[in-house]
Each structure stands twice: as C-alpha cells, then as structure tokens.
$ cat run_37.txt   # compact mmCIF, C-alpha atoms
# COMPACT_ATOMS: atom_id res chain seq x y z
CA MET A 1 99.10 81.42 189.47
CA VAL A 2 98.70 84.92 188.09
CA GLY A 3 95.01 85.95 188.03
CA PHE A 4 93.38 86.34 184.61
CA SER A 5 91.50 89.61 184.18
CA ARG A 6 87.95 89.37 182.84
CA LEU A 7 88.28 92.90 181.59
CA ALA A 8 91.39 91.92 179.66
CA VAL A 9 89.48 89.17 177.90
CA LEU A 10 86.63 91.53 177.11
CA GLY A 11 89.10 94.04 175.77
CA THR A 12 90.65 91.44 173.46
CA VAL A 13 87.57 89.63 172.18
CA LEU A 14 84.87 92.26 172.12
CA PRO A 15 86.31 94.72 169.58
CA LEU A 16 86.86 91.92 167.06
CA VAL A 17 83.31 90.66 167.31
CA LEU A 18 81.75 94.10 167.34
CA ALA A 19 83.74 95.00 164.23
CA ALA A 20 82.31 91.96 162.48
CA VAL A 21 78.81 92.88 163.59
CA SER A 22 79.11 96.49 162.50
CA SER A 23 80.44 95.47 159.08
CA GLU A 24 77.03 94.09 158.09
CA PRO A 25 74.84 96.74 156.44
CA ARG A 26 71.87 97.55 158.61
CA PRO A 27 68.54 97.93 156.80
CA ALA A 28 65.69 100.29 157.59
CA THR A 29 65.06 100.77 161.30
CA GLU A 30 61.63 99.11 161.16
CA LEU A 31 63.32 95.77 160.50
CA ARG A 32 64.59 93.58 163.34
CA LEU A 33 67.55 91.17 163.40
CA VAL A 34 66.38 87.79 164.66
CA LYS A 35 68.31 84.59 165.53
CA THR A 36 66.74 81.14 165.89
CA SER A 37 69.90 79.28 166.96
CA GLU A 38 73.39 79.98 168.21
CA GLU A 39 74.76 79.26 164.74
CA ASP A 40 72.20 81.45 162.96
CA PRO A 41 73.86 84.71 161.79
CA GLY A 42 70.46 86.37 161.96
CA THR A 43 67.67 87.37 159.59
CA TRP A 44 66.18 90.83 159.19
CA MET A 45 62.39 90.81 159.38
CA THR A 46 59.47 93.01 160.34
CA GLU A 47 57.58 92.76 163.63
CA GLU A 48 54.72 91.14 161.74
CA GLU A 49 57.06 88.54 160.25
CA LYS A 50 58.43 87.75 163.70
CA PHE A 51 54.95 86.84 164.83
CA GLU A 52 53.85 85.01 161.69
CA LYS A 53 57.03 83.01 161.11
CA LEU A 54 58.17 82.37 164.67
CA THR A 55 55.87 83.25 167.59
CA SER A 56 52.74 81.73 166.06
CA LYS A 57 54.68 78.53 165.37
CA ARG A 58 56.22 78.46 168.86
CA ILE A 59 59.74 78.71 167.48
CA GLY A 60 62.22 80.09 170.00
CA PHE A 61 64.09 83.18 168.89
CA MET A 62 66.06 86.18 170.08
CA ASP A 63 65.68 89.69 168.72
CA ILE A 64 69.28 90.94 168.86
CA THR A 65 68.80 94.21 166.98
CA ASP A 66 69.68 96.45 169.92
CA THR A 67 71.99 94.03 171.76
CA MET A 68 74.26 92.54 169.09
CA GLU A 69 77.30 92.64 171.37
CA LEU A 70 75.75 90.61 174.20
CA GLU A 71 76.95 87.19 173.00
CA ALA A 72 80.47 88.55 172.51
CA MET A 73 80.58 89.89 176.05
CA GLY A 74 79.16 86.62 177.34
CA ALA A 75 81.78 84.55 175.52
CA ALA A 76 84.49 86.75 177.00
CA ARG A 77 83.02 86.39 180.49
CA ARG A 78 82.89 82.59 180.20
CA ALA A 79 86.47 82.52 178.93
CA ALA A 80 87.59 84.59 181.90
CA ARG A 81 85.74 82.30 184.29
CA LEU A 82 87.48 79.26 182.81
CA GLN A 83 90.81 80.91 183.50
CA GLN A 84 89.77 81.48 187.12
CA ARG A 85 87.18 78.91 188.20
CA ALA A 86 83.83 77.60 187.07
CA ALA A 87 80.76 78.89 188.86
CA THR A 88 80.38 76.80 192.00
CA PHE A 89 77.44 76.37 194.33
CA PRO A 90 76.90 74.61 197.66
CA SER A 91 76.69 70.82 197.65
CA ALA A 92 73.38 70.98 199.52
CA PRO A 93 71.02 73.51 201.12
CA SER A 94 72.16 74.64 204.56
CA HIS A 95 69.78 77.39 205.66
CA GLN A 96 66.53 75.46 206.02
CA THR A 97 65.61 76.85 209.45
CA GLN A 98 65.78 80.43 208.23
CA ALA A 99 64.14 79.65 204.90
CA ASN A 100 61.27 77.58 206.33
CA ALA A 101 60.40 80.33 208.79
CA LEU A 102 59.88 82.64 205.80
CA ILE A 103 58.16 80.04 203.62
CA LYS A 104 55.41 79.73 206.24
CA ASN A 105 54.37 83.27 205.26
CA VAL A 106 53.79 82.49 201.57
CA LYS A 107 50.08 82.97 200.81
CA GLN A 108 48.24 81.26 197.99
CA ALA A 109 45.54 83.94 198.13
CA ASN A 110 48.04 86.54 196.92
CA LEU A 111 49.06 84.34 194.02
CA GLU A 112 45.43 83.95 192.99
CA SER A 113 44.59 87.65 193.33
CA TRP A 114 47.54 88.93 191.30
CA THR A 115 47.07 86.29 188.61
CA ASN A 116 43.44 87.32 188.18
CA THR A 117 44.42 90.98 187.89
CA LEU A 118 47.08 90.29 185.26
CA ALA A 119 44.78 88.00 183.27
CA ASN A 120 42.08 90.68 183.27
CA PHE A 121 44.18 92.88 180.99
CA TYR A 122 42.87 92.31 177.47
CA ASN A 123 46.46 91.53 176.62
CA ARG A 124 49.91 92.61 177.80
CA TYR A 125 51.59 92.60 174.39
CA TYR A 126 54.70 94.77 174.52
CA ARG A 127 53.78 96.79 171.43
CA GLY A 128 50.03 96.76 172.03
CA SER A 129 47.41 99.14 173.36
CA TYR A 130 47.78 97.79 176.91
CA ALA A 131 51.57 97.80 177.10
CA ALA A 132 51.82 101.01 179.10
CA THR A 133 48.91 100.28 181.46
CA SER A 134 50.18 96.79 182.26
CA ALA A 135 53.64 98.27 182.86
CA SER A 136 52.15 100.86 185.20
CA TRP A 137 50.37 98.14 187.18
CA MET A 138 53.55 96.06 187.35
CA TYR A 139 55.64 98.94 188.67
CA SER A 140 53.08 100.16 191.20
CA THR A 141 52.43 96.65 192.53
CA VAL A 142 56.13 95.87 192.95
CA ALA A 143 56.64 99.24 194.65
CA SER A 144 53.70 98.62 196.99
CA VAL A 145 54.95 95.17 197.96
CA ALA A 146 58.52 96.43 198.46
CA SER A 147 57.43 99.38 200.62
CA ALA A 148 57.37 97.11 203.68
CA ASN A 149 61.16 97.53 203.76
CA THR A 150 62.53 101.01 203.09
CA ALA A 151 65.92 99.55 202.16
CA ILE A 152 64.44 98.08 198.98
CA THR A 153 64.64 100.11 195.78
CA VAL A 154 62.32 99.71 192.80
CA LYS A 155 63.01 101.09 189.35
CA GLN A 156 61.75 100.86 185.80
CA PHE A 157 64.23 99.79 183.14
CA THR A 158 63.16 101.49 179.93
CA HIS A 159 63.38 100.01 176.44
CA SER A 160 62.81 101.19 172.88
CA TYR A 161 59.12 100.30 173.25
CA SER A 162 56.56 101.56 175.76
CA GLN A 163 56.63 98.72 178.30
CA PRO A 164 59.49 99.06 180.79
CA SER A 165 60.84 96.15 182.79
CA VAL A 166 60.75 96.48 186.58
CA ILE A 167 63.59 95.67 188.99
CA ALA A 168 63.38 95.53 192.79
CA THR A 169 66.61 95.31 194.77
CA ILE A 170 67.26 94.18 198.33
CA PRO A 171 70.79 95.44 198.97
CA GLY A 172 73.26 93.07 200.58
CA THR A 173 76.59 93.56 202.23
CA SER A 174 78.09 92.35 198.93
CA SER A 175 77.57 94.01 195.55
CA GLU A 176 77.41 90.58 193.92
CA VAL A 177 73.90 89.88 192.67
CA VAL A 178 71.46 86.99 192.71
CA ILE A 179 68.43 87.35 190.42
CA VAL A 180 64.99 85.76 190.28
CA SER A 181 62.90 86.70 187.27
CA ALA A 182 59.75 86.31 185.18
CA HIS A 183 58.28 88.12 182.18
CA TYR A 184 54.94 89.90 182.49
CA ASP A 185 54.04 90.53 178.84
CA SER A 186 51.65 88.20 176.99
CA ILE A 187 50.64 87.37 173.44
CA GLY A 188 47.66 85.65 171.85
CA SER A 189 46.84 84.09 168.52
CA THR A 190 47.29 87.55 166.99
CA THR A 191 49.31 90.50 168.26
CA SER A 192 46.14 92.49 168.98
CA GLY A 193 43.95 89.61 170.19
CA ARG A 194 42.87 88.54 173.64
CA ALA A 195 45.84 87.22 175.61
CA PRO A 196 45.14 86.69 179.32
CA GLY A 197 48.51 84.95 179.70
CA ALA A 198 47.52 83.32 182.98
CA ASP A 199 50.05 80.50 182.91
CA ASP A 200 52.31 82.30 180.40
CA ASN A 201 53.34 84.15 182.40
CA ALA A 202 51.21 85.68 185.12
CA SER A 203 51.92 82.49 187.08
CA GLY A 204 55.66 83.16 187.00
CA VAL A 205 55.26 86.84 187.84
CA VAL A 206 53.20 86.20 190.97
CA VAL A 207 55.75 83.68 192.24
CA VAL A 208 58.52 86.29 192.12
CA LEU A 209 56.20 88.96 193.49
CA GLU A 210 55.14 86.84 196.47
CA ALA A 211 58.77 85.98 197.25
CA LEU A 212 59.54 89.70 197.26
CA ARG A 213 56.60 90.38 199.58
CA VAL A 214 57.67 87.70 202.07
CA LEU A 215 61.28 88.91 202.22
CA ALA A 216 60.27 92.58 202.34
CA GLU A 217 57.87 92.12 205.25
CA ALA A 218 60.48 90.07 207.13
CA LYS A 219 63.07 92.85 206.57
CA PHE A 220 65.33 90.10 205.27
CA ALA A 221 68.94 91.31 205.17
CA PRO A 222 70.96 89.22 202.70
CA ALA A 223 74.70 88.96 202.32
CA ASN A 224 74.50 89.01 198.52
CA THR A 225 72.32 91.61 196.84
CA LEU A 226 68.99 90.14 195.72
CA GLU A 227 67.16 91.38 192.64
CA PHE A 228 63.64 90.64 191.45
CA HIS A 229 63.25 91.17 187.70
CA PHE A 230 59.93 91.53 185.89
CA TYR A 231 60.72 91.63 182.19
CA SER A 232 58.70 93.03 179.32
CA GLY A 233 59.02 92.06 175.67
CA GLU A 234 59.85 88.39 176.21
CA GLU A 235 57.34 87.37 173.56
CA GLY A 236 59.11 89.68 171.11
CA GLY A 237 62.40 87.78 171.35
CA LEU A 238 63.59 88.25 174.96
CA LEU A 239 63.82 92.01 174.36
CA GLY A 240 63.55 93.23 177.95
CA SER A 241 65.91 90.74 179.52
CA ARG A 242 68.48 91.17 176.74
CA ASP A 243 68.48 94.92 177.34
CA VAL A 244 68.94 94.40 181.07
CA PHE A 245 71.77 91.89 180.77
CA ASN A 246 73.43 93.91 178.02
CA SER A 247 73.51 96.83 180.45
CA TYR A 248 74.76 94.65 183.31
CA SER A 249 77.50 93.15 181.16
CA ARG A 250 78.67 96.56 179.96
CA SER A 251 78.62 97.90 183.52
CA GLY A 252 80.53 94.97 184.99
CA VAL A 253 77.74 93.81 187.31
CA GLU A 254 78.74 90.49 188.89
CA VAL A 255 75.75 88.15 188.75
CA LEU A 256 76.29 85.01 190.82
CA ALA A 257 73.09 83.28 189.68
CA ALA A 258 69.89 84.03 187.79
CA MET A 259 66.85 81.76 188.20
CA ASN A 260 64.07 82.46 185.71
CA GLN A 261 60.51 81.11 185.91
CA ASP A 262 58.17 81.09 182.94
CA MET A 263 54.90 79.19 183.57
CA THR A 264 54.33 77.68 187.03
CA GLY A 265 50.66 76.67 187.04
CA PHE A 266 49.94 73.88 184.53
CA SER A 267 51.44 70.50 185.39
CA PRO A 268 49.64 67.26 184.50
CA ASN A 269 52.58 65.34 185.97
CA ASN A 270 52.66 67.56 189.09
CA VAL A 271 56.39 68.24 188.92
CA ILE A 272 58.81 71.13 189.00
CA ALA A 273 60.89 71.05 185.84
CA VAL A 274 64.49 72.26 185.62
CA PHE A 275 65.67 72.76 182.04
CA THR A 276 69.21 71.77 181.28
CA ASP A 277 70.08 73.52 178.02
CA TYR A 278 71.28 77.12 177.71
CA SER A 279 71.81 77.11 181.45
CA ASP A 280 74.53 76.50 184.03
CA THR A 281 75.00 72.83 184.94
CA ASN A 282 76.21 73.52 188.47
CA LEU A 283 73.37 75.93 189.22
CA ASN A 284 70.86 73.41 187.85
CA THR A 285 72.29 70.73 190.13
CA PHE A 286 71.91 72.98 193.16
CA ILE A 287 68.32 73.94 192.30
CA LYS A 288 67.39 70.29 191.78
CA LYS A 289 68.59 69.63 195.33
CA LEU A 290 66.37 72.44 196.65
CA VAL A 291 63.12 71.15 195.10
CA PRO A 292 62.57 68.19 197.48
CA VAL A 293 63.71 70.24 200.46
CA TYR A 294 61.44 73.26 199.98
CA THR A 295 58.50 71.77 198.06
CA ILE A 296 56.32 68.66 198.15
CA LEU A 297 56.86 68.02 194.42
CA PRO A 298 59.36 65.82 192.57
CA VAL A 299 61.84 67.36 190.20
CA SER A 300 61.89 66.69 186.48
CA THR A 301 64.35 67.73 183.79
CA ASP A 302 63.97 68.56 180.12
CA ARG A 303 65.49 70.63 177.32
CA CYS A 304 63.54 73.53 175.82
CA GLY A 305 65.70 74.65 172.89
CA TYR A 306 67.11 77.98 171.86
CA ALA A 307 65.80 81.17 173.47
CA CYS A 308 62.72 79.59 175.05
CA SER A 309 62.69 82.13 177.90
CA ASP A 310 64.61 84.93 179.59
CA HIS A 311 67.23 82.76 181.28
CA ALA A 312 68.78 82.58 177.79
CA SER A 313 69.61 86.29 178.00
CA ALA A 314 71.56 85.80 181.22
CA TYR A 315 73.26 82.77 179.67
CA SER A 316 74.17 84.76 176.56
CA ALA A 317 75.74 87.39 178.82
CA GLY A 318 77.94 84.70 180.39
CA TYR A 319 76.14 84.58 183.75
CA PRO A 320 75.15 81.34 185.54
CA ALA A 321 71.48 80.95 184.62
CA ALA A 322 68.69 78.45 185.25
CA TYR A 323 65.16 77.97 183.98
CA VAL A 324 62.49 76.49 186.26
CA CYS A 325 59.07 75.65 184.86
CA ASP A 326 55.89 73.77 185.74
CA GLU A 327 56.19 70.91 183.27
CA ASN A 328 58.24 69.24 180.56
CA ILE A 329 57.78 70.44 176.98
CA ARG A 330 55.68 67.48 175.84
CA ASP A 331 53.06 67.95 178.57
CA SER A 332 53.13 71.73 178.88
CA SER A 333 50.02 73.86 178.58
CA PRO A 334 48.35 73.66 175.15
CA TYR A 335 46.61 76.97 175.86
CA ILE A 336 49.53 79.40 175.85
CA HIS A 337 49.64 82.16 173.22
CA SER A 338 45.87 82.04 172.92
CA ALA A 339 42.70 83.43 174.47
CA GLN A 340 42.34 80.12 176.30
CA ASP A 341 45.34 80.71 178.59
CA THR A 342 42.94 81.68 181.37
CA VAL A 343 42.99 81.51 185.15
CA SER A 344 40.78 78.42 185.02
CA THR A 345 43.72 76.43 183.61
CA VAL A 346 46.05 77.36 186.48
CA SER A 347 46.64 75.11 189.51
CA PHE A 348 47.35 77.51 192.36
CA PRO A 349 48.56 74.80 194.75
CA HIS A 350 51.23 74.12 192.13
CA VAL A 351 52.08 77.82 191.83
CA LEU A 352 52.40 77.87 195.62
CA GLU A 353 55.13 75.23 195.48
CA HIS A 354 57.09 77.37 193.01
CA ALA A 355 56.78 80.32 195.40
CA LYS A 356 58.11 78.22 198.27
CA LEU A 357 61.03 77.10 196.12
CA THR A 358 61.78 80.71 195.18
CA VAL A 359 61.94 81.85 198.80
CA GLY A 360 64.16 78.89 199.66
CA PHE A 361 66.43 79.62 196.72
CA LEU A 362 66.78 83.30 197.67
CA VAL A 363 67.67 82.52 201.27
CA GLU A 364 70.26 79.94 200.24
CA ALA A 365 71.63 82.12 197.44
CA SER A 366 72.03 85.12 199.69
CA TYR A 367 74.95 83.22 201.24
CA PHE A 368 76.67 82.01 198.04
$ encode --input "run_37.txt" --output "structure tokens"
Amino acid sequence: MVGFSRLAVLGTVLPLVLAAVSSEPRPATELRLVKTSEEDPGTWMTEEEKFEKLTSKRIGFMDITDTMELEAMGAARRAARLQQRAATFPSAPSHQTQANALIKNVKQANLESWTNTLANFYNRYYRGSYAATSASWMYSTVASVASANTAITVKQFTHSYSQPSVIATIPGTSSEVVIVSAHYDSIGSTTSGRAPGADDNASGVVVVLEALRVLAEAKFAPANTLEFHFYSGEEGGLLGSRDVFNSYSRSGVEVLAAMNQDMTGFSPNNVIAVFTDYSDTNLNTFIKKLVPVYTILPVSTDRCGYACSDHASAYSAGYPAAYVCDENIRDSSPYIHSAQDTVSTVSFPHVLEHAKLTVGFLVEASYF
C-alpha cells in the first residue's frame, strides 16, 4: 500500500479551515474567543467574563484566540493516522525491573516540600501580581532538579502573558517524544484572591517534578525523547498548553503519548482515575494496566467533559493524550478554585502513588 503523507493531509485540510476562521471579523484585541464544546463556534468575551461566566461556575472551556488553527491541524493529523495506523501501545508493561529500581528513589518529602512552597504563593494566577514570580520559581526549580544530568535541557516557553511554561527534555536516541505534564497556575474565588492551589495543581506539578528528579539523578538514557511540561495559563482556558501544542503541530513534532495530571492529592475513594473522554482509548488502556503494577491503588475511570485540563490541548492537536487524576468528578475536591485548597487537604501518600506511576510510565514509554 502506498503510504499516506500527513503533510499532504495538512496541506489539503488546513488552508480551508484557516480561511473559514480568518473570514470571521475579529473584535478588539482585549476580547478573547472562547469555546465550551467541540461544536461551539466560539464566543468573544473579556477576561472578566471568562471568569464570571465560566471559571467561577467550573465550566470547562478553551481560549482559542491565539491558536485557532490547532483543531484543524489535529483533525488532519488524526486523518493521516487513520490512513496509516492507529496509535498503538504495548499490551502490558515489560520493564518493571528497570522501573522499580528507579521508583525506590521517589521521596514523599520532596512532594511535601514543593507543594508547601507552591501553596505559599498568594496565588499563581497567570495574569496576576504573582505570575512572574511563580514562573521564576518554576523555572529555577526545574533547572535545579535537571542539573543532575547535563544532557537535560530546560527552557521557558513564552506566551502573550507574563507567565511562561517550562519544558525539560531528556534527549533520546529517537526524536519522537513522550510527554508528562501538569499546570502550575492557580485561581481562587476571584482572580486577585488567595489561591494556594495545593491540590489544583501543586499536587500534579510535584509529581512531574519528582519524576524528573529521579530520572535525572539516575542519568536515565531513554530511547524516545522524554519531556516534562509545566504549563501556565490552564485556568484561563488551557492557554499555555495550547500554545505549546500549536507550536509542536506547526513544527511537525511527533508526540507518541502525552500523559497529563491535574490534581493528585484528594481521593476519598483512594483511587487513581483515568478519564476516558477527549483522550486516546489505546493509551488509556495501557495506563490502566500500569496502575496496579506500579502503585498500590485501584484504577477508576470517569469522564470529565470538554477542556477540563491540558490533555485536551494535546488531543486537539491530534496527539495521543491521557488524563490521570486523583478521583472521579463526583467525589473530587470541593476546595479547588478557592482559598481553602490548602496543603491540609492533600494526602501525600496518595500523591506518592501518582509519582510512582509517572516514573513507571516514563520508563515504559521510553521504549514505545
């Protein structure tokens, strides 16, 4: 069979969609184009309206103002994959000896220390007074952790607001990329109010950070390139991750898998939840097989709706994406997006299990 070029699909589909997007008059630059579903053509609104109408009501949304072409590129990428093959993953984990040797080095004390530091910021709102200082801490901490292995690079990915995302890369022998991610911004009951964001999402950040530390200190040399993404602007409509995946899609970066974690420390049912919508079914199946192998917790599944976290940006770009969380929607933390999302609500033994899963996933995924 003659191979089907992904670039050919992009070249056919993308101009048509971009032409349709550009035909819509764009209002004043202070307005943002927001979608609340795949079918929603988008509504222009102010930053204040985003918070009042959506964030405060816990309605999932994407701010697509600066990344209108992302869905078009993602649709083209999925179409190309269908012409070649669906994303496939191993039927079971097969690198337990190597992974477990690294998992032994995961330290709960690090998870606790970093969570406390992040929660001590008055807030980490991406347009707030502490946006730049929280970004500076995020970059310097990732760089410090990564310095154990000189092969690792750390960079800031800048956005239209003053809170860059941070990306650490462990280069592999392949340029194909596996990503683990979490967002580090937070929001409270008002955009300027207290927002410790301990569970949402300091708990996810420290999981990815500790996995990076363990692999860096072990001088882990993967086959596939491993990236650790710390996004800003998630609470503003997945802004940071959409910028990153828009850039990756335009540049032709081949992402094999992206596992996002948003909240890992509040779980009345003591489970690890894998969400099945706006994600890759085959990747979800593989991750569900990893949970009982690399953690002591049972796996649960749920659906979280449109744009509930940054995995949706990878999914929109046409990459295999998964979302792992601490609990199902019904029993999730009632304290998020408020001053009550404090460290006292976080179960660090539970966060530890997420960190163990993340190390196991990275070792297995380095051989995809």
$ atom_distance --input "run_37.txt" --atom1 "atom CA of Pro292 of chain A" --atom2 "atom CA of Ala321 of chain A"
20.2 Å
$ residues_around --input "run_37.txt" --residues "segment 213-220 of chain A" --least-positions-apart "6" --cutoff "6 Å" --atoms "all atoms listed in the file" --output "JSON, numbers by chain"
{"A": [145, 146, 148, 149]}
$ residues_around --input "run_37.txt" --residues "segment 243-251 of chain A" --least-positions-apart "4" --cutoff "10 Å" --atoms "only C-alpha atoms" --output "ChimeraX atom specification"
/A:10,64,66-71,73-74,77,157-160,165,167,229,231,238-239,255,313-319
$ closest_residue --input "run_37.txt" --among "A:Ala87, A:Val299, A:Val343, A:Ala168" --to "Ala257 of chain A" --atoms "all atoms listed in the file"
A:Ala87
$ residues_around --input "run_37.txt" --residues "Thr190 of chain A" --least-positions-apart "3" --cutoff "10 Å" --atoms "all atoms listed in the file" --output "count of residues only"
13
$ closest_residue --input "run_37.txt" --among "A:Ser309, A:Ser186, A:Thr173, A:Thr117" --to "Asp199 of chain A" --atoms "all atoms listed in the file"
A:Ser186
$ closest_residue --input "run_37.txt" --among "A:Gln163, A:Ser37, A:Gln340, A:Thr150" --to "Gly236 of chain A" --atoms "all atoms listed in the file"
A:Gln163
$ closest_residue --input "run_37.txt" --among "A:Lys155, A:Arg124, A:Arg303, A:Lys53" --to "Ala198 of chain A" --atoms "all atoms listed in the file"
A:Arg124
$ closest_residue --input "run_37.txt" --among "A:Ala131, A:Ala72, A:Ala273, A:Leu362" --to "Gln98 of chain A" --atoms "all atoms listed in the file"
A:Leu362
$ residues_around --input "run_37.txt" --residues "Lys289 of chain A" --least-positions-apart "3" --cutoff "9 Å" --atoms "only C-alpha atoms" --output "PyMOL selection string"
chain A and resi 91-93+284-286+292-293+299
$ closest_residue --input "run_37.txt" --among "A:Ser232, A:Ser203, A:Asn224, A:Asn116" --to "Ala135 of chain A" --atoms "only C-alpha atoms"
A:Ser232
$ atom_distance --input "run_37.txt" --atom1 "atom CA of Leu209 of chain A" --atom2 "atom CA of Asp63 of chain A"
26.5 Å
$ atom_distance --input "run_37.txt" --atom1 "atom CA of Glu235 of chain A" --atom2 "atom CA of Lys50 of chain A"
9.9 Å
$ residues_around --input "run_37.txt" --residues "Pro222 of chain A" --least-positions-apart "4" --cutoff "8 Å" --atoms "only C-alpha atoms" --output "list in words"
Ile170, Pro171, Gly172, Thr173, Leu226, Val363, Ser366 and Tyr367 of chain A
$ axis_aligned_box --input "run_37.txt" --around "segment 161-167 of chain A" --padding-each-side "4 Å" --output "AutoDock Vina command-line options"
--center_x 60.1 --center_y 98.6 --center_z 181.1 --size_x 15.0 --size_y 13.9 --size_z 23.7
